[in-house]
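Peer 1: This one is model16.txt, compact mmCIF, C-alpha atoms and all ligand atoms.
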```txt
# COMPACT_ATOMS: atom_id res chain seq x y z
CA MET A 852 -67.45 -209.94 19.67
CA THR A 853 -68.75 -210.26 16.11
CA SER A 854 -70.58 -207.83 13.90
CA GLU A 855 -73.80 -208.38 11.97
CA SER A 856 -72.02 -207.79 8.71
CA ASN A 857 -70.47 -211.03 7.53
CA LEU A 858 -71.14 -210.81 3.81
CA ASN A 859 -68.19 -211.25 1.45
CA ASN A 860 -65.85 -212.74 4.00
CA ILE A 861 -62.39 -213.30 2.64
CA SER A 862 -61.38 -216.85 3.40
CA TRP A 863 -57.69 -216.18 4.05
CA ILE A 864 -58.42 -213.53 6.66
CA SER A 865 -59.51 -214.89 10.00
CA GLY A 866 -62.84 -213.74 11.43
CA ASN A 867 -65.76 -211.92 9.88
CA ARG A 868 -65.94 -208.55 8.24
CA PRO A 869 -65.09 -205.99 9.43
CA TYR A 870 -61.67 -207.53 10.09
CA GLN A 871 -59.99 -206.47 13.29
CA PHE A 872 -56.37 -205.36 13.03
CA PHE A 873 -55.59 -204.46 16.63
CA GLY A 874 -52.38 -204.17 18.60
CA PRO A 875 -49.73 -201.63 19.53
CA CYS A 876 -47.88 -199.28 17.22
CA SER A 877 -44.63 -200.98 18.23
CA ALA A 878 -43.59 -204.14 20.01
CA GLU A 879 -41.69 -202.83 23.05
CA SER A 880 -41.23 -205.87 25.28
CA PRO A 881 -42.75 -209.36 25.62
CA GLU A 882 -44.67 -208.08 28.69
CA GLN A 883 -46.16 -205.09 26.86
CA LEU A 884 -47.27 -207.27 23.93
CA ARG A 885 -48.76 -209.88 26.25
CA ALA A 886 -50.60 -207.38 28.46
CA THR A 887 -52.08 -205.77 25.35
CA ALA A 888 -53.10 -209.16 23.93
CA VAL A 889 -54.70 -210.21 27.25
CA GLY A 890 -56.78 -206.99 27.24
CA ILE A 891 -57.84 -207.45 23.63
CA LYS A 892 -58.67 -211.14 24.09
CA GLU A 893 -61.14 -210.26 26.86
CA HIS A 894 -63.38 -208.66 24.24
CA PHE A 895 -62.37 -210.02 20.84
CA SER A 896 -61.44 -213.44 19.52
CA ASN A 897 -60.63 -213.20 15.81
CA VAL A 898 -58.02 -210.52 15.88
CA ILE A 899 -55.13 -209.93 13.54
CA PHE A 900 -52.61 -208.72 16.07
CA ARG A 901 -50.36 -205.95 14.76
CA ALA A 902 -47.08 -204.60 16.14
CA GLY A 903 -44.23 -202.79 14.41
CA ILE A 904 -40.80 -204.37 14.89
CA TRP A 905 -38.83 -202.02 12.64
CA LYS A 906 -40.22 -198.50 12.98
CA PRO A 907 -39.81 -195.84 10.30
CA ARG A 908 -39.38 -192.64 12.33
CA THR A 909 -39.24 -189.10 11.05
CA ARG A 910 -36.21 -188.17 13.21
CA PRO A 911 -33.23 -190.27 14.34
CA ASN A 912 -32.58 -190.86 18.04
CA THR A 913 -36.20 -191.84 18.61
CA PHE A 914 -37.35 -195.40 19.25
CA GLU A 915 -36.73 -197.30 16.03
CA GLY A 916 -38.22 -200.63 17.06
CA VAL A 917 -36.83 -203.64 18.87
CA GLY A 918 -35.74 -205.37 15.66
CA GLU A 919 -35.65 -209.06 14.91
CA GLU A 920 -35.95 -210.34 18.48
CA GLY A 921 -39.52 -208.94 18.55
CA LEU A 922 -40.60 -211.44 15.89
CA LYS A 923 -40.34 -214.24 18.44
CA TRP A 924 -42.53 -212.25 20.86
CA LEU A 925 -45.16 -211.88 18.15
CA VAL A 926 -45.08 -215.61 17.40
CA ASP A 927 -45.55 -216.26 21.15
CA ILE A 928 -48.70 -214.09 21.01
CA LYS A 929 -49.98 -216.14 18.10
CA GLU A 930 -49.41 -219.38 20.00
CA GLU A 931 -50.87 -218.24 23.30
CA PHE A 932 -53.89 -216.28 22.04
CA GLY A 933 -54.63 -217.86 18.66
CA PHE A 934 -54.44 -214.47 16.93
CA GLN A 935 -52.88 -214.11 13.50
CA VAL A 936 -49.90 -211.77 13.73
CA THR A 937 -48.73 -209.04 11.37
CA THR A 938 -45.86 -206.60 11.15
CA GLU A 939 -44.41 -204.01 8.77
CA VAL A 940 -41.63 -204.92 6.34
CA ALA A 941 -39.54 -202.26 4.64
CA ASN A 942 -36.86 -204.29 2.88
CA ALA A 943 -35.92 -207.77 1.68
CA SER A 944 -34.16 -208.80 4.90
CA HIS A 945 -37.28 -207.90 6.92
CA VAL A 946 -39.30 -210.19 4.63
CA GLU A 947 -36.86 -213.06 5.06
CA ALA A 948 -36.78 -212.67 8.85
CA CYS A 949 -40.60 -212.60 9.05
CA LEU A 950 -41.01 -215.68 6.86
CA LYS A 951 -38.42 -217.56 8.89
CA ALA A 952 -40.08 -216.59 12.18
CA GLY A 953 -43.60 -217.56 10.99
CA ILE A 954 -45.30 -214.15 10.86
CA ASP A 955 -48.73 -214.70 9.27
CA ILE A 956 -49.31 -211.44 7.40
CA LEU A 957 -46.93 -208.68 6.27
CA TRP A 958 -47.72 -205.06 5.60
CA ILE A 959 -45.85 -202.45 3.61
CA GLY A 960 -45.81 -199.02 5.26
CA ALA A 961 -46.71 -195.68 3.75
CA ARG A 962 -43.09 -194.50 3.60
CA THR A 963 -42.14 -197.60 1.62
CA THR A 964 -45.07 -197.54 -0.81
CA VAL A 965 -43.87 -194.16 -2.11
CA ASN A 966 -40.69 -195.76 -3.45
CA PRO A 967 -41.08 -198.24 -6.33
CA PHE A 968 -37.47 -199.44 -5.91
CA SER A 969 -38.16 -200.45 -2.30
CA VAL A 970 -41.47 -202.06 -3.19
CA GLN A 971 -39.80 -204.01 -6.02
CA ALA A 972 -37.06 -205.25 -3.67
CA ILE A 973 -39.76 -206.50 -1.29
CA ALA A 974 -41.65 -208.08 -4.20
CA ASP A 975 -38.48 -209.91 -5.30
CA ALA A 976 -37.98 -211.25 -1.77
CA LEU A 977 -41.57 -212.53 -1.77
CA GLU A 978 -41.19 -214.57 -5.00
CA GLY A 979 -42.10 -218.18 -4.46
CA THR A 980 -44.08 -217.56 -1.25
CA ASP A 981 -47.76 -216.87 -0.78
CA VAL A 982 -47.74 -215.00 2.48
CA PRO A 983 -50.58 -212.44 2.67
CA VAL A 984 -49.40 -208.86 2.12
CA PHE A 985 -51.24 -205.60 2.84
CA VAL A 986 -50.07 -202.43 1.13
CA LYS A 987 -50.65 -199.11 2.86
CA ASN A 988 -51.35 -196.07 0.72
CA PRO A 989 -48.33 -193.86 -0.01
CA LEU A 990 -47.88 -190.65 1.99
CA ASN A 991 -48.72 -188.52 -1.03
CA PRO A 992 -52.24 -188.57 -2.48
CA ASP A 993 -51.40 -190.71 -5.50
CA VAL A 994 -53.71 -193.68 -6.09
CA SER A 995 -51.66 -194.90 -9.07
CA LEU A 996 -48.57 -195.22 -6.90
CA TRP A 997 -50.64 -197.24 -4.42
CA SER A 998 -52.00 -199.47 -7.21
CA GLY A 999 -48.52 -199.78 -8.68
CA ALA A 1000 -47.18 -201.14 -5.40
CA VAL A 1001 -50.04 -203.65 -5.21
CA GLU A 1002 -49.33 -204.70 -8.81
CA ARG A 1003 -45.62 -205.25 -8.07
CA ILE A 1004 -46.51 -207.55 -5.15
CA SER A 1005 -49.13 -209.32 -7.24
CA LYS A 1006 -46.64 -209.87 -10.08
CA ALA A 1007 -44.32 -211.57 -7.60
CA GLY A 1008 -47.01 -214.27 -7.28
CA ILE A 1009 -48.72 -213.11 -4.07
CA THR A 1010 -52.44 -213.84 -4.34
CA LYS A 1011 -53.50 -212.95 -0.79
CA LEU A 1012 -53.36 -209.22 -1.25
CA GLY A 1013 -54.88 -206.46 0.83
CA ALA A 1014 -54.67 -202.68 1.12
CA ILE A 1015 -54.72 -200.27 4.02
CA HIS A 1016 -56.04 -196.73 3.83
CA ARG A 1017 -54.05 -194.68 6.39
CA GLY A 1018 -54.64 -191.16 5.10
CA PHE A 1019 -52.43 -188.83 3.09
CA HIS A 1020 -50.04 -186.05 3.87
CA LEU A 1021 -51.51 -182.85 2.46
CA ALA A 1022 -50.56 -179.22 3.00
CA ASP A 1023 -53.37 -179.01 5.52
CA ASN A 1024 -54.28 -182.22 7.33
CA LYS A 1025 -56.33 -180.58 10.09
CA PRO A 1026 -58.04 -181.80 12.22
CA PHE A 1027 -56.46 -185.12 11.31
CA ARG A 1028 -52.88 -186.33 11.52
CA ASN A 1029 -53.22 -187.50 7.92
CA ALA A 1030 -56.02 -186.27 5.67
CA PRO A 1031 -58.41 -189.17 5.05
CA SER A 1032 -59.28 -188.04 1.49
CA TRP A 1033 -62.08 -190.60 1.49
CA ASP A 1034 -62.60 -190.09 -2.24
CA LEU A 1035 -59.15 -191.60 -2.90
CA ALA A 1036 -60.03 -194.68 -0.84
CA VAL A 1037 -63.23 -195.01 -2.87
CA GLN A 1038 -61.17 -194.63 -6.06
CA PHE A 1039 -58.82 -197.43 -4.93
CA LYS A 1040 -61.79 -199.65 -4.05
CA THR A 1041 -63.40 -198.98 -7.42
CA ASP A 1042 -60.19 -199.88 -9.25
CA HIS A 1043 -59.59 -203.01 -7.11
CA PRO A 1044 -62.96 -204.36 -5.94
CA GLU A 1045 -61.40 -207.78 -5.28
CA ILE A 1046 -58.82 -206.48 -2.78
CA PRO A 1047 -59.87 -206.16 0.87
CA LEU A 1048 -59.42 -202.59 2.04
CA ILE A 1049 -58.76 -201.91 5.72
CA CYS A 1050 -58.96 -198.45 7.25
CA ASP A 1051 -56.20 -197.48 9.68
CA VAL A 1052 -58.12 -194.97 11.75
CA SER A 1053 -55.24 -194.45 14.18
CA HIS A 1054 -52.80 -193.00 11.66
CA ILE A 1055 -55.57 -191.04 9.94
CA THR A 1056 -56.81 -189.33 13.08
CA GLY A 1057 -53.74 -189.30 15.32
CA ASN A 1058 -56.24 -188.63 18.09
CA PRO A 1059 -58.47 -191.07 20.02
CA ASP A 1060 -61.32 -188.49 20.14
CA LEU A 1061 -61.59 -188.53 16.36
CA ILE A 1062 -61.41 -192.32 15.95
CA PRO A 1063 -65.14 -193.16 16.37
CA HIS A 1064 -66.23 -190.78 13.63
CA ALA A 1065 -63.50 -191.94 11.21
CA ALA A 1066 -64.23 -195.60 11.98
CA GLN A 1067 -67.94 -195.15 11.28
CA ARG A 1068 -67.14 -193.32 8.07
CA ALA A 1069 -64.91 -196.21 6.95
CA LEU A 1070 -67.66 -198.74 7.70
CA ASP A 1071 -70.21 -196.62 5.87
CA LEU A 1072 -67.90 -196.75 2.83
CA ASP A 1073 -68.08 -200.55 3.11
CA MET A 1074 -64.41 -200.96 3.97
CA ASP A 1075 -63.49 -204.49 4.95
CA GLY A 1076 -61.91 -203.84 8.32
CA LEU A 1077 -60.34 -201.43 10.75
CA MET A 1078 -56.81 -201.09 12.04
CA VAL A 1079 -56.75 -199.55 15.51
CA GLU A 1080 -53.52 -199.08 17.45
CA THR A 1081 -54.13 -200.52 20.88
CA HIS A 1082 -51.70 -200.44 23.81
CA CYS A 1083 -51.97 -201.71 27.39
CA ASN A 1084 -50.68 -198.33 28.58
CA PRO A 1085 -50.83 -195.73 25.78
CA GLN A 1086 -49.26 -192.93 27.83
CA LYS A 1087 -46.10 -194.99 28.24
CA ALA A 1088 -45.95 -196.07 24.58
CA LEU A 1089 -42.55 -195.64 22.92
CA SER A 1090 -44.12 -194.55 19.63
CA ASP A 1091 -47.43 -192.89 18.70
CA ALA A 1092 -48.39 -192.50 22.37
CA LYS A 1093 -50.96 -189.81 21.55
CA GLN A 1094 -53.09 -191.91 19.24
CA GLN A 1095 -53.17 -195.34 20.86
CA ILE A 1096 -56.14 -196.53 22.89
CA THR A 1097 -56.51 -199.14 25.60
CA PRO A 1098 -58.19 -202.51 25.00
CA PHE A 1099 -61.12 -201.23 27.10
CA GLN A 1100 -61.47 -198.12 24.91
CA LEU A 1101 -61.30 -200.43 21.90
CA LYS A 1102 -64.22 -202.44 23.25
CA GLU A 1103 -66.20 -199.22 23.81
CA LEU A 1104 -65.37 -198.05 20.30
CA TRP A 1105 -66.53 -201.33 18.76
CA GLY A 1106 -69.73 -201.23 20.78
CA SER A 1107 -70.50 -197.71 19.54
CA LEU A 1108 -70.17 -198.54 15.83
CA ILE A 1109 -73.11 -199.26 13.58
CA PHE A 1110 -72.33 -202.21 11.34
CA LYS A 1111 -74.17 -202.02 8.06
CA SER A 1112 -74.24 -204.50 5.23
CA ALA A 1113 -73.91 -203.74 1.55
CA LYS A 1114 -77.31 -205.35 0.92
CA SER A 1115 -80.63 -205.62 2.72
CA LYS A 1116 -83.21 -208.41 2.63
CA ASN A 1117 -86.01 -205.90 3.28
CA ILE A 1118 -88.20 -206.02 0.14
CA GLU A 1119 -89.76 -202.60 0.71
CA PHE A 1120 -86.28 -201.04 0.99
CA GLN A 1121 -85.14 -202.86 -2.15
CA ASN A 1122 -88.17 -201.66 -4.15
CA GLN A 1123 -87.71 -198.09 -3.02
CA LEU A 1124 -84.01 -198.28 -3.87
CA GLU A 1125 -84.78 -199.63 -7.35
CA LEU A 1126 -87.24 -196.81 -7.95
CA LEU A 1127 -84.83 -194.08 -6.88
CA ARG A 1128 -81.97 -195.67 -8.80
CA SER A 1129 -83.99 -195.79 -12.01
CA LYS A 1130 -84.65 -192.05 -11.56
CA ILE A 1131 -80.92 -191.49 -11.16
CA ASP A 1132 -80.19 -193.58 -14.27
CA ARG A 1133 -82.58 -191.42 -16.31
CA ILE A 1134 -80.95 -188.23 -15.01
CA ASP A 1135 -77.48 -189.64 -15.76
CA ASP A 1136 -78.58 -190.40 -19.34
CA SER A 1137 -79.72 -186.79 -19.71
CA ILE A 1138 -76.48 -185.45 -18.19
CA VAL A 1139 -74.37 -187.42 -20.67
CA GLU A 1140 -76.62 -186.35 -23.56
CA LEU A 1141 -76.37 -182.68 -22.53
CA LEU A 1142 -72.60 -182.92 -22.10
CA SER A 1143 -72.32 -184.35 -25.59
CA GLN A 1144 -74.44 -181.49 -26.99
CA ARG A 1145 -72.26 -178.99 -25.12
CA MET A 1146 -69.07 -180.52 -26.54
CA ASN A 1147 -70.49 -180.46 -30.09
CA ILE A 1148 -71.06 -176.70 -29.73
CA SER A 1149 -67.52 -176.32 -28.33
CA GLU A 1150 -66.17 -178.09 -31.38
CA GLU A 1151 -68.12 -175.75 -33.64
CA ILE A 1152 -66.64 -172.78 -31.77
CA GLY A 1153 -63.21 -174.41 -32.16
CA VAL A 1154 -63.56 -174.35 -35.93
CA TYR A 1155 -64.42 -170.60 -35.88
CA LYS A 1156 -61.51 -169.85 -33.57
CA LYS A 1157 -59.16 -171.67 -35.95
CA GLU A 1158 -60.52 -169.84 -39.01
CA ASN A 1159 -60.10 -166.51 -37.25
CA GLN A 1160 -56.74 -167.37 -35.69
CA VAL A 1161 -58.03 -166.86 -32.17
CA THR A 1162 -56.52 -168.70 -29.19
CA ILE A 1163 -58.38 -171.72 -27.85
CA LEU A 1164 -58.05 -170.64 -24.23
CA GLN A 1165 -60.16 -167.56 -23.60
CA LEU A 1166 -59.32 -166.83 -19.99
CA GLN A 1167 -61.94 -164.18 -19.39
CA ARG A 1168 -64.75 -166.31 -20.83
CA TRP A 1169 -63.61 -169.30 -18.74
CA GLN A 1170 -63.53 -167.18 -15.57
CA GLU A 1171 -67.06 -165.96 -16.35
CA ILE A 1172 -68.33 -169.51 -16.83
CA LEU A 1173 -66.81 -170.61 -13.54
CA LYS A 1174 -68.19 -167.62 -11.68
CA ARG A 1175 -71.66 -168.06 -13.15
CA THR A 1176 -71.86 -171.80 -12.47
CA LEU A 1177 -70.48 -171.43 -8.94
CA LYS A 1178 -73.15 -168.84 -8.25
CA SER A 1179 -76.02 -170.91 -9.57
CA GLY A 1180 -74.59 -174.02 -7.89
CA LYS A 1181 -74.64 -172.20 -4.57
CA THR A 1182 -78.32 -171.37 -4.88
CA LEU A 1183 -79.02 -175.04 -5.67
CA ASN A 1184 -77.07 -176.44 -2.72
CA LEU A 1185 -74.08 -177.68 -4.73
CA SER A 1186 -70.69 -177.11 -3.13
CA ASP A 1187 -68.00 -174.88 -4.69
CA LYS A 1188 -65.62 -177.85 -4.59
CA PHE A 1189 -68.00 -179.98 -6.62
CA ILE A 1190 -68.91 -177.31 -9.20
CA SER A 1191 -65.33 -176.24 -9.64
CA SER A 1192 -63.94 -179.76 -10.16
CA LEU A 1193 -66.84 -180.56 -12.51
CA TYR A 1194 -66.30 -177.43 -14.59
CA TYR A 1195 -62.52 -177.78 -14.68
CA ALA A 1196 -63.10 -181.26 -16.16
CA ILE A 1197 -65.68 -179.96 -18.67
CA HIS A 1198 -63.41 -177.09 -19.68
CA GLU A 1199 -60.45 -179.44 -20.13
CA GLU A 1200 -62.48 -181.74 -22.37
CA SER A 1201 -63.71 -178.73 -24.31
CA ILE A 1202 -60.13 -177.52 -24.88
CA ASP A 1203 -59.17 -181.02 -26.06
CA LYS A 1204 -62.09 -181.06 -28.49
CA GLN A 1205 -61.17 -177.62 -29.86
CA THR A 1206 -57.52 -178.62 -30.15
CA ASN A 1207 -58.50 -181.59 -32.28
CA SER A 1208 -61.26 -179.87 -34.28
C1 LIG B 1 -47.69 -198.05 11.63
O1 LIG B 1 -48.65 -198.72 11.23
O2 LIG B 1 -47.29 -198.07 12.79
C2 LIG B 1 -47.05 -197.12 10.68
C3 LIG B 1 -45.81 -196.69 10.82
O3 LIG B 1 -47.88 -196.76 9.73
P1 LIG B 1 -47.73 -195.86 8.39
O4 LIG B 1 -46.81 -196.61 7.47
O5 LIG B 1 -49.14 -195.81 7.93
O6 LIG B 1 -47.20 -194.52 8.82
MN MN B 2 -47.97 -196.10 14.66
```
What does this structure look like when you write it as structure tokens?
Ligand code: PEP
Ligand code: MN

Peer 2:
Amino acid sequence: MTSESNLNNISWISGNRPYQFFGPCSAESPEQLRATAVGIKEHFSNVIFRAGIWKPRTRPNTFEGVGEEGLKWLVDIKEEFGFQVTTEVANASHVEACLKAGIDILWIGARTTVNPFSVQAIADALEGTDVPVFVKNPLNPDVSLWSGAVERISKAGITKLGAIHRGFHLADNKPFRNAPSWDLAVQFKTDHPEIPLICDVSHITGNPDLIPHAAQRALDLDMDGLMVETHCNPQKALSDAKQQITPFQLKELWGSLIFKSAKSKNIEFQNQLELLRSKIDRIDDSIVELLSQRMNISEEIGVYKKENQVTILQLQRWQEILKRTLKSGKTLNLSDKFISSLYYAIHEESIDKQTNS
């Protein structure tokens, strides 16, 4: 099954965008991997087949993966079904074992990305190879840490780099297992437009009912592919049983998605888009001009404050500004979240200007 969107295909990834990273959370047995691959192959041909061999688990005494012997099972899947195969590596010996076994693509998990020492040890083990590596976002909502991990792998000489957005652990993740924080994925994409970004909708949602919505959202943000944990018998899965779907459900999911492309050949659409974008450009010019005027006045105030030995931060005035702008924002259909982050940024810049005036 292919999608209509095949612009910007990345030559080292098999298939067309959106790339299909399907397969179980964990490799459990050769039979389980094979039954899952048979189900997937009925509906899809260019799959990157995933399965965890070494599983990072929150608590001990749970299933921690089958270990090295599972690599051979994955390679058997590659040979029988023609899928590329991928697994998670968390240390240098995992990397060596995967390279020796012939695993096509490696990924670094969220619990590893948080630790620069671990990422560096993996990077050192990758020196001199050019195996493709995907880096999942760290558990905490820190895009720099994510970029830093990608940079460490890149500095080791890996050119086939990818990233996986799997959601973040926030104080309140509801209704998701991991908060998607889509803005952070967009930030990563903006900072690294050349790196394919895959969305792992299984670990974001933790719930098959929420997968279609998250998957569509990822496609609408022009992500390059989806990772969906797929198991021949999810209820019996040894890890992440609650979030895995069957190959049949995967087919249904794919059929329900709307694949959009980043560009359209429709001239009327393009003209209309140009027109609206030029309006936005004019408004943006005015916004920047007004912000500059506002900062000049702030600076003037800063000089008076200094002359009169008055503190730069005037808490009451700042609270009034926030209250006033939130109120007018509300009447104009602008969310509290937006107005408050905008005004915190304006106020911070204003304090900086007054500090340096
Ligand atoms: C996984 O993909 O099975 C996994 C453990 O993912 P994450 O590192 O995103 O938790
Ligand atoms: Mn999992």

Peer 1: Identify which of the residues A:Gly903, A:Phe914, A:Glu978, A:Arg1068 lies closest to Trp958 of chain A, counting all atoms listed in the file when measuring atom-to-atom distances.

Peer 2: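 Closest candidate: A:Gly903.
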
Peer 1: Find the spatial neighbours of segment 980-989 of chain A, counting only C-alpha atoms, within a cut-off of 9 Å - ignore same-chain residues fewer than 5 positions away - and output them as a PyMOL selection string.

Peer 2: chain A and resi 863-864+950+954-966+994+996-998+1000-1001+1004+1007-1020+1036+1047-1049+1051

Peer 1: Name the residues in contact with Phe873 of chain A at a cut-off of 8 Å, using only C-alpha atoms, excluding same-chain residues fewer than 4 positions from it; report them as number ranges by chain.

Peer 2: A: 891, 898-901, 1078-1081

Peer 1: List the neighbours of Glu1200 of chain A out to 12 Å using all atoms listed in the file; skip same-chain residues closer than 3 positions along the sequence, and give me the result as an NGL selection string.

Peer 2: :A and (1142-1143 or 1145-1147 or 1149-1150 or 1193-1197 or 1203-1207)

Peer 1: What residues have any atom no more than 7 Å from ligand MN 2 (chain B) when counting all atoms listed in the file, and can you list them as a list in words?

Peer 2: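 The neighbouring residues of ligand MN 2 (chain B) are, in order, Cys876, Ser877, His1054, Glu1080, Ser1090 and Asp1091 of chain A.
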
Peer 1: Pick out the closest residue to Ala1088 of chain A from this set: A:Pro967, A:Pro881, A:Pro875, A:Gly866. Count all atoms listed in the file.

Peer 2: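 Closest candidate: A:Pro875.
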
Peer 1: Considering all atoms listed in the file, state which residue in the set A:His894, A:Lys1040, A:Arg1028, A:Lys1181 is at the smallest distance from ligand LIG 1 (chain B).

Peer 2: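 Counting all atoms listed in the file, the residue closest to ligand LIG 1 (chain B) is A:Arg1028.
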
Peer 1: Between atom CA of Lys906 of chain A and atom C3 of ligand LIG 1 (chain B), what is the distance in Å, rounded to a tenth?

Peer 2: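 Spanning atom CA of Lys906 of chain A to atom C3 of ligand LIG 1 (chain B) is a straight-line distance of 6.3 Å.
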
Peer 1: Which residue is closest to ligand LIG 1 (chain B)? Choose from A:Ala943, A:Ala886, A:Ala1092, A:Ile1062 and count only C-alpha atoms and all ligand atoms.

Peer 2: A:Ala1092

Peer 1: Of the candidates A:Val1161, A:Leu1101, A:Val917, A:Ala941, which one gets nearest to ligand LIG 1 (chain B) if we count all atoms listed in the file?

Peer 2: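 Smallest separation from ligand LIG 1 (chain B) among the options: A:Ala941.
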
Peer 1: Using the file's own x, y and z axes, so that the box edges lie along x, y and z, what centre and edge lengths in Å (one decimal) does a box around every listed atom of ligand LIG 1 (chain B) get when 5 Å is added on each side? Give it as lines of an AutoDock Vina configuration file.

Peer 2:
```
center_x = -47.5
center_y = -196.6
center_z = 10.1
size_x = 13.3
size_y = 14.2
size_z = 15.3
```

Peer 1: Rank A:Ala1069, A:Ala888, A:Ala1022, A:Val1052 by their smallest atom-to-atom distance to ligand LIG 1 (chain B), using all atoms listed in the file, and report the top residue only.

Peer 2: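 Distance minimum relative to ligand LIG 1 (chain B) lands on A:Val1052.
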
Peer 1: With C-alpha atoms as the atom set, please write segment 1141-1190 of chain A from the structure just given, as a short mmCIF file (atom, residue, chain, number, x, y, z; two decimals), in the first residue's frame.

Peer 2:
```
data_model
loop_
_atom_site.label_atom_id
_atom_site.label_comp_id
_atom_site.auth_asym_id
_atom_site.auth_seq_id
_atom_site.Cartn_x
_atom_site.Cartn_y
_atom_site.Cartn_z
CA LEU A 1141 5.39 47.90 16.75
CA LEU A 1142 7.51 45.66 18.99
CA SER A 1143 10.52 47.80 18.22
CA GLN A 1144 8.57 50.97 19.09
CA ARG A 1145 7.41 49.34 22.33
CA MET A 1146 10.98 48.39 23.28
CA ASN A 1147 12.23 51.93 22.55
CA ILE A 1148 9.66 53.28 25.03
CA SER A 1149 10.73 50.60 27.55
CA GLU A 1150 14.31 51.75 27.19
CA GLU A 1151 13.25 55.34 27.81
CA ILE A 1152 11.42 54.21 30.96
CA GLY A 1153 14.56 52.29 31.95
CA VAL A 1154 16.58 55.50 31.92
CA TYR A 1155 14.03 57.23 34.22
CA LYS A 1156 13.98 54.26 36.58
CA LYS A 1157 17.78 54.37 36.81
CA GLU A 1158 17.82 58.13 37.45
CA ASN A 1159 15.24 57.74 40.19
CA GLN A 1160 16.76 54.57 41.64
CA VAL A 1161 13.61 52.55 41.05
CA THR A 1162 13.71 48.78 40.50
CA ILE A 1163 13.42 47.51 36.94
CA LEU A 1164 10.86 44.85 37.83
CA GLN A 1165 7.58 46.47 38.79
CA LEU A 1166 5.53 43.45 39.75
CA GLN A 1167 2.19 45.19 40.05
CA ARG A 1168 2.52 46.91 36.67
CA TRP A 1169 3.55 43.60 35.04
CA GLN A 1170 0.56 41.80 36.58
CA GLU A 1171 -1.73 44.56 35.27
CA ILE A 1172 -0.30 44.27 31.75
CA LEU A 1173 -0.77 40.51 31.76
CA LYS A 1174 -4.31 40.77 33.08
CA ARG A 1175 -5.26 43.45 30.56
CA THR A 1176 -3.78 41.64 27.55
CA LEU A 1177 -5.28 38.29 28.58
CA LYS A 1178 -8.66 39.96 28.80
CA SER A 1179 -8.47 41.64 25.43
CA GLY A 1180 -6.96 38.48 23.91
CA LYS A 1181 -9.95 36.52 25.13
CA THR A 1182 -12.41 38.82 23.40
CA LEU A 1183 -10.38 38.46 20.18
CA ASN A 1184 -10.24 34.66 20.26
CA LEU A 1185 -6.59 34.39 21.32
CA SER A 1186 -5.84 31.69 23.88
CA ASP A 1187 -4.50 32.46 27.38
CA LYS A 1188 -1.56 30.15 26.65
CA PHE A 1189 -0.61 32.15 23.57
CA ILE A 1190 -1.04 35.62 25.12
#
```
